[in-house]
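Peer 1: One structure coming up, written as structure tokens, with questions to follow.
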Amino acid sequence: MTLNLNKRNLKIIRLYAISLVCIFCYFLMAHYNVILVLTEKWGKAPDSEFTILLFTGLIQYGFLAVGICIFLMLTFLLIKGIIKND
């Protein structure tokens, strides 16, 4: 019984860590000028700037969405489990 409980707790801790890493990556991309560096290294084609903005925007907000969703779902499930046990 305690082995299953320990495995469950480790999974929860890992998922919270993944959530925090995703949120940290979002803030890292938001505060550093990633787009400028990519535009300098990418080709000078007219469509390349739009592609860079689209790609970095999807990655950046994907990190944010995944991080917040994992955090909220885990918190909801933990609170639901605590209320159900009481």
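Please note that chains go A, B, ... in the order of the structure tokens, that every chain numbers its residues from 1, and that ligands are numbered from 1 in the order shown.
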Show which residues sit within 9 Å of segment 6-20 of chain A, as number ranges by chain. Count only C-alpha atoms, and ignore same-chain residues fewer than 2 positions away.
Peer 2: A: 1-4, 22-25, 63-64, 66-71, 74
Peer 1: One decimal, Å: what's the distance from atom CA of Lys84 of chain A over to atom CA of Ala65 of chain A, could you say?
Peer 2: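 So the answer is 28.0 Å.
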Peer 1: When distances are computed from only C-alpha atoms, which of A:Ile79, A:Asn85, A:Gln60, A:Thr51 shows the smallest separation from Tyr32 of chain A?
Peer 2: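 Selected residue with least distance to Tyr32 of chain A: A:Gln60.
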Peer 1: Quick one: of A:Met29, A:Val21, A:Leu78, A:Leu72, who's nearest to Gly57 of chain A, counting only C-alpha atoms?
Peer 2: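 Under the stated criterion, the closest residue is A:Met29.
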Peer 1: Taking the chain letters and numbering used in this document, name the residues of segment 14-55 of chain A that DSSP puts in helix (DSSP H, G or I), as an mmCIF file with N, CA and C atoms, in the first residue's frame.
Peer 2:
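Okay, this is what ended up in selection-v7.cif:
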data_model
loop_
_atom_site.group_PDB
_atom_site.id
_atom_site.type_symbol
_atom_site.label_atom_id
_atom_site.label_comp_id
_atom_site.auth_asym_id
_atom_site.auth_seq_id
_atom_site.Cartn_x
_atom_site.Cartn_y
_atom_site.Cartn_z
ATOM 1 N N ARG A 14 6.477 14.969 -9.990
ATOM 2 C CA ARG A 14 7.054 15.103 -11.335
ATOM 3 C C ARG A 14 6.183 15.973 -12.228
ATOM 4 N N LEU A 15 4.869 15.784 -12.166
ATOM 5 C CA LEU A 15 3.984 16.584 -13.002
ATOM 6 C C LEU A 15 3.990 18.055 -12.587
ATOM 7 N N TYR A 16 4.042 18.319 -11.286
ATOM 8 C CA TYR A 16 4.179 19.716 -10.845
ATOM 9 C C TYR A 16 5.508 20.306 -11.318
ATOM 10 N N ALA A 17 6.571 19.512 -11.297
ATOM 11 C CA ALA A 17 7.875 19.990 -11.778
ATOM 12 C C ALA A 17 7.823 20.292 -13.272
ATOM 13 N N ILE A 18 7.174 19.434 -14.042
ATOM 14 C CA ILE A 18 7.021 19.688 -15.481
ATOM 15 C C ILE A 18 6.222 20.962 -15.700
ATOM 16 N N SER A 19 5.186 21.155 -14.907
ATOM 17 C CA SER A 19 4.377 22.363 -15.012
ATOM 18 C C SER A 19 5.212 23.618 -14.742
ATOM 19 N N LEU A 20 6.001 23.581 -13.693
ATOM 20 C CA LEU A 20 6.835 24.739 -13.364
ATOM 21 C C LEU A 20 7.906 24.985 -14.420
ATOM 22 N N VAL A 21 8.467 23.928 -14.990
ATOM 23 C CA VAL A 21 9.463 24.083 -16.053
ATOM 24 C C VAL A 21 8.827 24.712 -17.283
ATOM 25 N N CYS A 22 7.615 24.295 -17.638
ATOM 26 C CA CYS A 22 6.919 24.884 -18.786
ATOM 27 C C CYS A 22 6.638 26.371 -18.559
ATOM 28 N N ILE A 23 6.173 26.714 -17.377
ATOM 29 C CA ILE A 23 5.903 28.123 -17.070
ATOM 30 C C ILE A 23 7.201 28.927 -17.062
ATOM 31 N N PHE A 24 8.277 28.350 -16.529
ATOM 32 C CA PHE A 24 9.573 29.017 -16.539
ATOM 33 C C PHE A 24 10.060 29.238 -17.970
ATOM 34 N N CYS A 25 9.881 28.246 -18.851
ATOM 35 C CA CYS A 25 10.288 28.391 -20.253
ATOM 36 C C CYS A 25 9.491 29.496 -20.945
ATOM 37 N N TYR A 26 8.198 29.603 -20.608
ATOM 38 C CA TYR A 26 7.395 30.690 -21.167
ATOM 39 C C TYR A 26 7.965 32.054 -20.765
ATOM 40 N N PHE A 27 8.238 32.229 -19.468
ATOM 41 C CA PHE A 27 8.774 33.511 -19.019
ATOM 42 C C PHE A 27 10.169 33.766 -19.575
ATOM 43 N N LEU A 28 10.941 32.725 -19.745
ATOM 44 C CA LEU A 28 12.268 32.866 -20.330
ATOM 45 C C LEU A 28 12.165 33.356 -21.770
ATOM 46 N N MET A 29 11.247 32.772 -22.532
ATOM 47 C CA MET A 29 11.061 33.205 -23.915
ATOM 48 C C MET A 29 10.458 34.599 -23.984
ATOM 49 N N ALA A 30 9.639 34.960 -23.011
ATOM 50 C CA ALA A 30 8.992 36.272 -23.036
ATOM 51 C C ALA A 30 9.968 37.396 -22.698
ATOM 52 N N HIS A 31 10.923 37.127 -21.812
ATOM 53 C CA HIS A 31 11.806 38.196 -21.362
ATOM 54 C C HIS A 31 13.119 38.286 -22.125
ATOM 55 N N VAL A 34 14.224 36.254 -28.054
ATOM 56 C CA VAL A 34 14.409 35.050 -28.857
ATOM 57 C C VAL A 34 14.074 35.324 -30.314
ATOM 58 N N ILE A 35 13.053 36.131 -30.550
ATOM 59 C CA ILE A 35 12.599 36.390 -31.912
ATOM 60 C C ILE A 35 13.673 37.152 -32.702
ATOM 61 N N LEU A 36 14.323 38.114 -32.068
ATOM 62 C CA LEU A 36 15.374 38.864 -32.757
ATOM 63 C C LEU A 36 16.541 37.964 -33.132
ATOM 64 N N VAL A 37 16.932 37.093 -32.247
ATOM 65 C CA VAL A 37 18.037 36.171 -32.533
ATOM 66 C C VAL A 37 17.665 35.240 -33.682
ATOM 67 N N LEU A 38 16.433 34.745 -33.672
ATOM 68 C CA LEU A 38 16.005 33.850 -34.749
ATOM 69 C C LEU A 38 15.911 34.562 -36.091
ATOM 70 N N THR A 39 15.459 35.802 -36.109
ATOM 71 C CA THR A 39 15.367 36.526 -37.380
ATOM 72 C C THR A 39 16.745 36.830 -37.956
ATOM 73 N N GLU A 40 17.734 37.028 -37.091
ATOM 74 C CA GLU A 40 19.088 37.265 -37.587
ATOM 75 C C GLU A 40 19.693 36.003 -38.182
ATOM 76 N N LYS A 41 19.384 34.847 -37.607
ATOM 77 C CA LYS A 41 19.954 33.590 -38.092
ATOM 78 C C LYS A 41 19.160 32.998 -39.248
ATOM 79 N N SER A 48 9.795 34.699 -44.060
ATOM 80 C CA SER A 48 10.506 34.088 -42.936
ATOM 81 C C SER A 48 10.153 34.752 -41.609
ATOM 82 N N GLU A 49 9.925 36.057 -41.599
ATOM 83 C CA GLU A 49 9.573 36.733 -40.346
ATOM 84 C C GLU A 49 8.223 36.258 -39.818
ATOM 85 N N PHE A 50 7.263 36.087 -40.715
ATOM 86 C CA PHE A 50 5.964 35.581 -40.292
ATOM 87 C C PHE A 50 6.091 34.162 -39.754
ATOM 88 N N THR A 51 6.888 33.342 -40.412
ATOM 89 C CA THR A 51 7.098 31.965 -39.970
ATOM 90 C C THR A 51 7.750 31.936 -38.603
ATOM 91 N N ILE A 52 8.716 32.789 -38.383
ATOM 92 C CA ILE A 52 9.394 32.853 -37.088
ATOM 93 C C ILE A 52 8.430 33.292 -35.992
ATOM 94 N N LEU A 53 7.659 34.332 -36.265
ATOM 95 C CA LEU A 53 6.690 34.811 -35.278
ATOM 96 C C LEU A 53 5.643 33.752 -34.960
ATOM 97 N N LEU A 54 5.165 33.064 -35.976
ATOM 98 C CA LEU A 54 4.172 32.019 -35.770
ATOM 99 C C LEU A 54 4.758 30.866 -34.956
ATOM 100 N N PHE A 55 5.939 30.424 -35.332
ATOM 101 C CA PHE A 55 6.589 29.300 -34.665
ATOM 102 C C PHE A 55 6.904 29.611 -33.204
#
